[in-house]
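*Asks:* So here's target.txt (compact mmCIF, C-alpha atoms and all ligand atoms).
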```txt
# COMPACT_ATOMS: atom_id res chain seq x y z
CA MET A 105 -49.25 -24.78 -37.14
CA ALA A 106 -47.88 -22.40 -39.73
CA ALA A 107 -47.87 -19.59 -37.21
CA GLY A 108 -46.03 -21.86 -34.82
CA LEU A 109 -43.32 -22.59 -37.35
CA VAL A 110 -42.89 -18.92 -38.09
CA LEU A 111 -42.62 -18.13 -34.41
CA THR A 112 -39.98 -20.75 -33.78
CA SER A 113 -37.89 -19.39 -36.59
CA LEU A 114 -37.92 -15.84 -35.20
CA GLY A 115 -35.12 -14.51 -33.08
CA PRO A 116 -35.84 -14.02 -29.39
CA ALA A 117 -35.96 -10.24 -29.74
CA ALA A 118 -38.65 -10.51 -32.38
CA VAL A 119 -40.65 -12.88 -30.26
CA HIS A 120 -40.59 -10.55 -27.28
CA ALA A 121 -42.10 -7.88 -29.49
CA THR A 122 -44.87 -10.23 -30.59
CA ALA A 123 -48.23 -9.88 -28.95
CA PRO A 124 -49.48 -13.04 -27.26
CA ALA A 125 -52.60 -12.94 -29.42
CA VAL A 126 -50.67 -14.27 -32.42
CA ALA A 127 -49.61 -17.39 -30.57
CA PRO A 128 -51.61 -20.27 -32.01
CA ALA A 129 -52.28 -22.10 -28.77
CA PRO A 130 -55.69 -21.36 -27.29
CA GLN A 131 -54.31 -20.97 -23.78
CA ALA A 132 -52.14 -18.04 -24.79
CA ALA A 133 -55.23 -16.14 -25.83
CA ALA A 134 -56.76 -16.85 -22.46
CA ALA A 135 -53.93 -15.09 -20.65
CA PRO A 136 -54.97 -11.81 -19.05
CA ALA A 137 -54.44 -8.71 -21.18
CA GLY A 138 -51.15 -6.98 -20.64
CA VAL A 139 -49.37 -10.09 -19.47
CA SER A 140 -46.25 -10.81 -21.44
CA ASN A 141 -46.01 -13.85 -23.62
CA ILE A 142 -43.86 -15.61 -21.07
CA ALA A 143 -46.65 -15.64 -18.52
CA PRO A 144 -47.90 -18.97 -17.23
CA THR A 145 -50.49 -20.56 -19.47
CA THR A 146 -53.30 -20.45 -16.95
CA ALA A 147 -54.17 -18.25 -14.03
CA ASP A 148 -53.24 -20.86 -11.44
CA ALA A 149 -50.11 -21.89 -13.30
CA THR A 150 -47.66 -20.35 -10.88
CA PRO A 151 -46.65 -22.67 -8.10
CA PRO A 152 -47.01 -21.05 -4.70
CA ALA A 153 -43.30 -20.77 -3.99
CA ALA A 154 -42.23 -19.74 -7.49
CA PRO A 155 -40.62 -16.38 -8.19
CA ALA A 156 -42.68 -13.64 -9.85
CA SER A 157 -41.68 -14.59 -13.36
CA PRO A 158 -41.92 -18.33 -13.94
CA LEU A 159 -39.17 -18.03 -16.51
CA LEU A 160 -36.82 -16.94 -13.78
CA ALA A 161 -37.53 -19.91 -11.58
CA ARG A 162 -34.49 -21.33 -9.84
CA ASP A 163 -33.97 -23.89 -12.54
CA GLY A 164 -34.83 -21.48 -15.33
CA ALA A 165 -37.87 -23.44 -16.44
CA PRO A 166 -41.35 -21.99 -16.75
CA GLY A 167 -43.52 -23.07 -13.86
CA GLY A 168 -46.37 -24.49 -15.88
CA ALA A 169 -49.32 -25.99 -14.07
CA ILE A 170 -49.79 -29.72 -13.90
CA LEU A 171 -53.30 -30.54 -15.06
CA PRO A 172 -55.06 -33.21 -13.01
CA GLY A 173 -55.01 -36.59 -14.72
CA ILE A 174 -52.93 -35.35 -17.66
CA GLY A 175 -49.39 -36.51 -18.38
CA GLN A 176 -49.12 -38.72 -15.32
CA PRO A 177 -50.61 -41.89 -13.89
CA VAL A 178 -53.72 -41.59 -11.73
CA ASN A 179 -54.45 -43.73 -8.69
CA GLY A 180 -57.13 -46.34 -9.25
CA VAL A 181 -57.47 -45.63 -12.98
CA TYR A 182 -56.64 -48.17 -15.65
CA GLY A 183 -56.21 -47.72 -19.36
CA LEU A 184 -53.88 -45.50 -21.35
CA GLN A 185 -53.05 -41.96 -20.36
CA PRO A 186 -54.81 -39.26 -22.41
CA GLN A 187 -52.70 -38.88 -25.53
CA VAL A 188 -51.45 -35.56 -26.89
CA THR A 189 -49.81 -36.68 -30.14
CA ARG A 190 -51.43 -37.94 -33.33
CA ASN A 191 -49.82 -41.37 -33.09
CA GLY A 192 -50.86 -41.56 -29.47
CA GLU A 193 -54.46 -40.68 -30.25
CA PHE A 194 -54.53 -43.29 -33.01
CA ALA A 195 -52.98 -45.91 -30.75
CA HIS A 196 -55.48 -45.07 -28.02
CA TRP A 197 -58.33 -45.50 -30.51
CA MET A 198 -56.84 -48.75 -31.78
CA HIS A 199 -56.48 -50.09 -28.24
CA ASP A 200 -60.01 -49.15 -27.20
CA VAL A 201 -61.92 -49.75 -30.45
CA VAL A 202 -60.00 -52.53 -32.20
CA LEU A 203 -57.92 -54.56 -29.76
CA LEU A 204 -60.09 -54.67 -26.65
CA PRO A 205 -63.37 -55.55 -28.43
CA THR A 206 -61.59 -58.14 -30.60
CA ILE A 207 -59.92 -60.00 -27.76
CA THR A 208 -63.04 -59.72 -25.61
CA ALA A 209 -65.24 -61.21 -28.35
CA ILE A 210 -62.78 -64.03 -29.06
CA SER A 211 -62.35 -64.86 -25.37
CA LEU A 212 -66.12 -64.94 -24.78
CA PHE A 213 -66.70 -67.03 -27.92
CA VAL A 214 -64.09 -69.61 -26.92
CA LEU A 215 -65.40 -69.67 -23.36
CA ALA A 216 -68.95 -70.26 -24.64
CA LEU A 217 -67.77 -73.08 -26.93
CA LEU A 218 -65.92 -74.74 -24.07
CA ALA A 219 -68.91 -74.44 -21.75
CA TRP A 220 -71.21 -75.88 -24.41
CA VAL A 221 -68.91 -78.85 -25.08
CA VAL A 222 -68.44 -79.53 -21.36
CA PHE A 223 -72.19 -79.45 -20.74
CA ARG A 224 -73.63 -80.99 -23.92
CA TYR A 225 -71.10 -83.80 -24.35
CA ARG A 226 -70.64 -84.81 -20.73
CA ARG A 227 -70.68 -88.55 -20.09
CA ALA A 228 -74.21 -88.62 -18.67
CA ALA A 229 -75.73 -86.75 -21.62
CA ASN A 230 -73.64 -88.36 -24.35
CA PRO A 231 -72.74 -91.96 -23.42
CA VAL A 232 -71.74 -92.99 -26.98
CA PRO A 233 -69.17 -90.52 -28.38
CA SER A 234 -69.17 -89.63 -32.05
CA LYS A 235 -66.40 -91.20 -34.17
CA THR A 236 -66.22 -88.19 -36.53
CA SER A 237 -62.60 -87.29 -37.35
CA HIS A 238 -62.91 -84.66 -40.13
CA ASN A 239 -65.29 -81.87 -41.01
CA THR A 240 -64.22 -79.71 -43.93
CA THR A 241 -66.55 -76.81 -43.14
CA ILE A 242 -65.34 -76.49 -39.56
CA GLU A 243 -61.69 -76.87 -40.56
CA VAL A 244 -62.01 -74.08 -43.13
CA LEU A 245 -63.77 -71.88 -40.57
CA TRP A 246 -61.23 -72.38 -37.78
CA THR A 247 -58.46 -71.50 -40.21
CA LEU A 248 -60.08 -68.50 -41.86
CA LEU A 249 -61.62 -66.81 -38.82
CA PRO A 250 -58.29 -66.48 -36.92
CA VAL A 251 -56.68 -65.21 -40.14
CA LEU A 252 -59.39 -62.59 -40.45
CA ALA A 253 -58.93 -61.58 -36.82
CA LEU A 254 -55.18 -61.19 -37.36
CA VAL A 255 -55.70 -59.11 -40.50
CA LEU A 256 -58.15 -56.90 -38.63
CA ILE A 257 -55.46 -56.21 -36.05
CA ALA A 258 -52.51 -56.08 -38.46
CA VAL A 259 -53.82 -53.36 -40.77
CA PRO A 260 -53.98 -50.50 -38.24
CA SER A 261 -51.03 -51.93 -36.33
CA ILE A 262 -48.59 -51.84 -39.26
CA GLY A 263 -49.77 -48.35 -40.20
CA LEU A 264 -49.04 -47.18 -36.66
CA LEU A 265 -45.65 -48.88 -36.68
CA GLN A 266 -44.77 -47.06 -39.87
CA ALA A 267 -45.99 -43.71 -38.53
CA GLN A 268 -43.87 -44.10 -35.41
CA PHE A 269 -40.69 -44.17 -37.47
CA LYS A 270 -41.56 -41.34 -39.82
CA PRO A 271 -38.63 -38.92 -39.99
CA ALA A 272 -39.28 -35.40 -38.77
CA PRO A 273 -40.08 -32.83 -41.45
CA ALA A 274 -37.91 -29.80 -42.15
CA GLY A 275 -38.24 -27.12 -39.51
CA ALA A 276 -38.58 -29.60 -36.66
CA VAL A 277 -37.13 -28.79 -33.24
CA THR A 278 -34.39 -31.26 -32.38
CA LEU A 279 -34.16 -32.57 -28.83
CA LYS A 280 -31.27 -34.85 -28.02
CA ALA A 281 -31.79 -36.93 -24.89
CA ILE A 282 -28.72 -38.57 -23.41
CA GLY A 283 -29.09 -41.30 -20.80
CA ASN A 284 -26.68 -41.47 -17.87
CA GLN A 285 -26.61 -43.61 -14.76
CA TRP A 286 -28.96 -42.27 -13.43
CA TYR A 287 -30.23 -39.04 -14.89
CA TRP A 288 -30.92 -37.49 -18.28
CA THR A 289 -29.05 -34.75 -20.03
CA TYR A 290 -30.60 -32.88 -22.94
CA GLN A 291 -29.18 -30.87 -25.80
CA TYR A 292 -30.87 -28.55 -28.26
CA PRO A 293 -28.54 -28.76 -31.27
CA ASP A 294 -30.63 -26.34 -33.37
CA HIS A 295 -30.77 -23.74 -30.63
CA GLY A 296 -27.19 -23.09 -29.72
CA GLY A 297 -26.47 -26.58 -28.41
CA PHE A 298 -26.84 -25.74 -24.74
CA GLU A 299 -27.22 -28.64 -22.35
CA ILE A 300 -29.64 -29.28 -19.52
CA THR A 301 -29.40 -31.89 -16.82
CA ALA A 302 -32.54 -33.33 -15.26
CA ASN A 303 -32.32 -35.09 -11.92
CA LEU A 304 -34.97 -36.66 -9.75
CA LEU A 305 -36.30 -34.26 -7.15
CA LYS A 306 -35.99 -35.94 -3.80
CA GLU A 307 -38.68 -35.87 -1.12
CA LYS A 308 -38.50 -33.41 1.72
CA GLY A 309 -36.90 -35.66 4.31
CA GLU A 310 -34.48 -37.16 1.81
CA ALA A 311 -32.92 -34.05 0.33
CA ALA A 312 -29.65 -32.88 1.81
CA ALA A 313 -29.47 -29.54 3.60
CA GLY A 314 -29.80 -26.72 1.08
CA GLU A 315 -30.88 -29.13 -1.66
CA ARG A 316 -34.17 -28.44 -3.36
CA SER A 317 -36.85 -31.00 -2.53
CA ARG A 318 -40.02 -31.87 -4.41
CA THR A 319 -43.24 -29.90 -4.00
CA ASP A 320 -46.60 -30.78 -5.53
CA ALA A 321 -46.09 -28.02 -8.08
CA ASP A 322 -43.04 -29.91 -9.37
CA GLY A 323 -45.01 -33.08 -10.00
CA PRO A 324 -45.71 -36.47 -8.44
CA ARG A 325 -43.19 -38.33 -6.30
CA LEU A 326 -40.55 -40.13 -8.39
CA LEU A 327 -41.64 -38.27 -11.53
CA ALA A 328 -40.68 -34.68 -10.72
CA THR A 329 -37.32 -33.41 -11.96
CA ASP A 330 -35.26 -30.39 -10.98
CA ASN A 331 -35.19 -29.21 -14.60
CA ARG A 332 -38.09 -29.67 -16.97
CA ILE A 333 -37.51 -30.05 -20.66
CA VAL A 334 -39.39 -27.38 -22.56
CA LEU A 335 -40.82 -28.12 -26.02
CA PRO A 336 -43.20 -26.14 -28.24
CA VAL A 337 -46.71 -27.38 -29.05
CA GLY A 338 -47.82 -27.69 -32.66
CA VAL A 339 -44.24 -27.95 -33.93
CA PRO A 340 -42.74 -31.28 -34.99
CA ILE A 341 -40.12 -32.52 -32.54
CA ARG A 342 -37.21 -34.62 -33.69
CA LEU A 343 -36.21 -36.77 -30.73
CA ILE A 344 -32.73 -38.25 -30.81
CA THR A 345 -31.56 -40.53 -28.05
CA THR A 346 -28.18 -41.91 -27.08
CA SER A 347 -26.43 -42.88 -23.87
CA ASN A 348 -23.15 -42.29 -22.08
CA ASP A 349 -23.00 -45.63 -20.28
CA VAL A 350 -25.62 -48.39 -20.54
CA ILE A 351 -28.88 -48.77 -22.45
CA HIS A 352 -31.64 -46.50 -21.19
CA SER A 353 -35.00 -45.76 -22.76
CA TRP A 354 -36.66 -42.37 -23.05
CA ALA A 355 -40.38 -42.89 -22.54
CA VAL A 356 -43.28 -40.48 -22.07
CA PRO A 357 -46.63 -42.34 -22.13
CA ALA A 358 -48.75 -39.30 -23.09
CA PHE A 359 -46.62 -38.80 -26.23
CA TRP A 360 -46.78 -42.49 -27.18
CA ILE A 361 -42.98 -42.37 -27.22
CA LYS A 362 -40.55 -44.98 -25.97
CA LEU A 363 -37.15 -44.85 -27.62
CA ASP A 364 -34.08 -46.75 -26.48
CA ALA A 365 -30.97 -44.72 -25.68
CA ILE A 366 -28.01 -46.84 -26.70
CA PRO A 367 -24.33 -46.01 -26.13
CA GLY A 368 -22.53 -45.28 -29.39
CA ARG A 369 -25.76 -45.03 -31.40
CA LEU A 370 -28.34 -42.42 -32.25
CA ASN A 371 -32.00 -43.43 -32.35
CA GLU A 372 -34.48 -41.05 -33.85
CA THR A 373 -38.22 -40.55 -33.96
CA SER A 374 -40.56 -37.61 -34.26
CA PHE A 375 -43.79 -36.40 -32.73
CA THR A 376 -45.86 -33.25 -32.41
CA ILE A 377 -47.42 -32.27 -29.09
CA ASP A 378 -50.99 -31.05 -29.49
CA LYS A 379 -51.72 -29.49 -26.10
CA PRO A 380 -49.72 -27.39 -23.66
CA GLY A 381 -49.12 -29.07 -20.34
CA VAL A 382 -46.64 -30.96 -18.23
CA TYR A 383 -46.02 -34.57 -19.18
CA PHE A 384 -44.08 -37.10 -17.15
CA GLY A 385 -42.21 -40.26 -18.06
CA GLN A 386 -39.45 -42.52 -16.83
CA CYS A 387 -36.48 -44.45 -18.07
CA SER A 388 -37.99 -47.67 -19.41
CA GLU A 389 -34.96 -49.90 -19.81
CA LEU A 390 -33.59 -51.66 -16.75
CA CYS A 391 -30.31 -49.77 -16.49
CA GLY A 392 -28.98 -50.31 -13.01
CA ALA A 393 -29.57 -49.73 -9.32
CA ARG A 394 -31.31 -46.37 -9.69
CA HIS A 395 -33.20 -47.18 -12.88
CA ALA A 396 -36.46 -46.21 -11.20
CA TYR A 397 -35.12 -42.80 -10.23
CA MET A 398 -34.37 -41.11 -13.54
CA PRO A 399 -37.71 -39.49 -14.41
CA ILE A 400 -38.55 -37.33 -17.40
CA ALA A 401 -40.62 -34.15 -17.16
CA VAL A 402 -41.56 -32.30 -20.33
CA GLU A 403 -43.28 -28.95 -20.32
CA ALA A 404 -45.09 -28.23 -23.58
CA VAL A 405 -45.59 -24.51 -24.14
CA THR A 406 -46.57 -22.21 -26.98
CA PRO A 407 -43.86 -21.52 -29.58
CA ALA A 408 -43.52 -17.97 -28.22
CA GLN A 409 -42.91 -19.23 -24.70
CA PHE A 410 -40.48 -21.77 -26.09
CA ALA A 411 -38.52 -19.02 -27.84
CA ALA A 412 -38.43 -17.02 -24.62
CA TRP A 413 -37.21 -20.05 -22.70
CA ILE A 414 -34.49 -20.72 -25.27
CA ALA A 415 -33.36 -17.11 -24.89
CA ALA A 416 -33.37 -17.41 -21.11
CA LYS A 417 -31.15 -20.47 -21.42
CA GLY A 418 -28.66 -18.53 -23.51
CA GLY A 419 -29.62 -20.35 -26.70
CA THR A 420 -30.54 -18.99 -30.09
CA MET A 421 -33.49 -19.63 -32.39
CA PRO A 422 -32.62 -20.85 -35.90
CA ALA A 423 -32.68 -18.06 -38.48
CA ARG A 424 -35.90 -17.63 -40.44
CA GLY A 425 -36.18 -20.11 -43.28
CA GLN A 426 -33.29 -22.15 -42.01
CA ALA A 427 -34.42 -25.72 -41.73
CA SER A 428 -33.28 -27.41 -38.57
CA ASP A 429 -33.02 -30.78 -40.23
CA LYS A 430 -29.28 -30.95 -40.47
CA VAL A 431 -27.98 -34.48 -40.37
CA ILE A 432 -26.54 -35.47 -37.05
CA PRO A 433 -23.96 -38.20 -37.78
CA GLN A 434 -23.94 -41.44 -35.86
CA PRO A 435 -21.28 -41.35 -33.16
CA GLY A 436 -17.96 -42.31 -34.69
CA ALA A 437 -19.34 -42.20 -38.23
CA GLU A 438 -16.62 -41.76 -40.83
CA GLY A 439 -16.68 -38.40 -42.51
CA SER A 440 -18.68 -36.59 -39.85
CA ALA A 441 -17.42 -33.04 -39.56
CA ALA A 442 -16.93 -33.27 -35.82
CA LYS A 443 -15.04 -36.50 -36.21
CA VAL A 444 -12.75 -35.14 -38.86
CA ALA A 445 -12.08 -31.92 -36.98
CA GLU A 446 -11.47 -33.70 -33.74
CA GLY A 447 -9.41 -36.40 -35.41
CA ASN A 448 -7.03 -33.82 -36.80
CA THR A 449 -6.10 -32.57 -33.39
CA VAL A 450 -6.63 -35.55 -31.14
CA ASP A 451 -5.61 -38.61 -33.08
CA ALA A 452 -1.87 -38.03 -33.01
CA ALA A 453 -1.71 -37.78 -29.24
CA THR A 454 -4.48 -39.95 -27.87
CA GLY A 455 -5.93 -41.95 -30.70
CA PRO A 456 -9.49 -41.73 -32.03
CA THR A 457 -12.21 -40.43 -29.79
CA GLU A 458 -14.92 -42.96 -29.14
CA ASN A 459 -18.01 -40.82 -29.17
CA VAL A 460 -17.62 -37.35 -30.53
CA THR A 461 -21.26 -36.28 -30.36
CA VAL A 462 -21.79 -36.84 -26.66
CA ALA A 463 -20.55 -34.11 -24.41
CA ALA A 464 -19.53 -35.06 -20.92
CA PRO A 465 -21.88 -33.73 -18.24
CA THR A 466 -20.68 -30.34 -17.16
CA ALA A 467 -21.94 -30.28 -13.61
CA PRO A 468 -21.62 -32.82 -10.82
CA GLN A 469 -24.86 -34.73 -10.45
CA GLY A 470 -26.66 -34.77 -7.18
CA ALA A 471 -28.52 -37.95 -8.02
CA THR A 472 -25.42 -39.93 -8.87
CA ASN A 473 -23.75 -38.89 -5.67
CA ASN A 474 -26.61 -39.97 -3.50
CA PRO A 475 -25.69 -42.10 -0.55
CA ALA A 476 -27.45 -45.45 -0.48
CA THR A 477 -30.30 -44.12 1.61
CA GLY A 478 -33.75 -42.84 0.84
CA ASN A 479 -34.89 -44.02 -2.57
CA ALA A 480 -31.76 -46.02 -3.17
CA GLY A 481 -32.65 -48.30 -0.32
CA GLN A 482 -35.81 -49.59 -1.98
CU CU B 501 -32.05 -45.71 -17.40
```
Translate this structure into structure tokens?

*Replies:*
Amino acid sequence: MAAGLVLTSLGPAAVHATAPAVAPAPQAAAAPAGVSNIAPTTADATPPAAPASPLLARDGAPGGAILPGIGQPVNGVYGLQPQVTRNGEFAHWMHDVVLLPTITAISLFVLALLAWVVFRYRRAANPVPSKTSHNTTIEVLWTLLPVLALVLIAVPSIGLLQAQFKPAPAGAVTLKAIGNQWYWTYQYPDHGGFEITANLLKEKGEAAAGERSRTDADGPRLLATDNRIVLPVGVPIRLITTSNDVIHSWAVPAFWIKLDAIPGRLNETSFTIDKPGVYFGQCSELCGARHAYMPIAVEAVTPAQFAAWIAAKGGTMPARGQASDKVIPQPGAEGSAAKVAEGNTVDAATGPTENVTVAAPTAPQGATNNPATGNAGQ
């Protein structure tokens, strides 16, 4: 963890000079000797069609391998996805060890009581019904036992709720996810503020001529994106969400994260990814016709690989010792530096700007220009 924080605070040049052995993630150590620290995390990590260096893939993202059953739903399997954050692991435990046994026991108990009453007190076996109307012992029991059951559930539940809204510590990597109809844009405010757009990768027959279509190396159908978001493992992530149009929701099941993206607002949460890998999610707020087609793909890599990726994107790592916990003002908040600066130049001519923190997408979006065929015709 400490090594990870140090690595993220180094400049890209320094990271390139760092041997992979110092990277804290176990997979980095497993890389063959002599391979640079931007090599794929496992031997079979390079997708068949990828260029020699995964970092120089067409979209600039490392071509990390998708591990079977990790970070995505699996056919015929029920239950929660394997979790790779502390909150997720706790929630998984709570679901499997607290909630499921509790509701199963209560359901079976009530079913048994019902069956007993139906059988024992049927008309044939019990022709003269009892006239009893009160029983203090039973009344106390049927009040206290449900209270106890609720307390049993509430204690871990409230703790988890609190943990989910814990602010990120100093030194966290900030990822700003911006919802659009119907794709996500991402900014890295601590790393030069560059922006990435992630669109659904269409299937082979659906992509226009010259357009990149999905392969299995990209991910499952409807979950693969043209650009993956890259985040470091072992480093706290500060996730900030907002939207350019309607309410979306940024959700990745394996991170135990679902955070609404609301126009004119910033929502914030934090998490730390434990294991390298590729993790998929989807917009989880009904946001319009192509709601189902704005997937999320996150590639979690070692801090060294993250630094290399940032450099490849033209970004910069924060200087050593410089905490990346600067306050990002709510859109339109009075006194925000951006607002004041922009207000000085814009107000006189055009009036106040509505949302100063959200940059307009810089490139035309393939997904938004889709004709109403293929996926849109569902
Ligand atoms: Cu959406």

*Asks:* Using all atoms listed in the file, which protein or nucleic acid residues come within 7 Å of region 284-293 of chain A? Drop anything in the same chain fewer than 2 positions from it, and give the result as a PyMOL selection string.

*Replies:* chain A and resi 278-282+295-303+347-349+394-395+397-398+471-472

*Asks:* Please return the centre and edge lengths, in Å to one decimal, of a box with edges along x, y and z that contains all listed atoms of region 382-401 of chain A, widened by 4 Å on every side, as lines of an AutoDock Vina configuration file.

*Replies:*
```
center_x = -37.8
center_y = -41.3
center_z = -14.6
size_x = 25.7
size_y = 28.7
size_z = 18.5
```

*Asks:* From the list A:Leu171, A:Leu218, A:Ile341, A:Leu363, which residue is nearest Tyr383 (chain A) when using only C-alpha atoms?

*Replies:* A:Leu171

*Asks:* Show me which residues line ligand CU 501 (chain B), defined as having an atom within 6 Å of a ligand atom where only C-alpha atoms and all ligand atoms count, and present them as a list in words.

*Replies:*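 Residues satisfying the distance criterion: His352, Cys387, Glu389, Cys391 and His395 of chain A.
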
*Asks:* What does the structure give for the distance between CA of Ala404 (chain A) and CA of Ala423 (chain A), in Å to one decimal?

*Replies:*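 CA of Ala423 (chain A) lies at a distance of 21.9 Å from CA of Ala404 (chain A).
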
*Asks:* Tell me which of A:Pro422, A:Gly314, A:Pro399, A:Gly168 sits closest to Val334 (chain A), counting only C-alpha atoms.

*Replies:*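 Nearest to Val334 (chain A): A:Gly168.
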
*Asks:* Quick one: pull the distance between CA of Ser317 (chain A) and CA of Gln386 (chain A), Å, one decimal.

*Replies:*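 The value is 18.5 Å.
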
*Asks:* Between CA of Pro172 (chain A) and CA of Leu184 (chain A), what is the spacing in Å?

*Replies:*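 Result for CA of Leu184 (chain A) versus CA of Pro172 (chain A): 14.9 Å, one decimal.
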
*Asks:* Which of these residues is nearest to Phe269 (chain A), using all atoms listed in the file: A:Trp354, A:Trp413, A:Phe375, A:Trp246?

*Replies:* A:Phe375

*Asks:* Using all atoms listed in the file, which of the listed residues (A:Gln176, A:Asn239, A:Thr376, A:Ser388) sits closest to Val277 (chain A)?

*Replies:*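 Smallest distance to Val277 (chain A) is found for A:Thr376.
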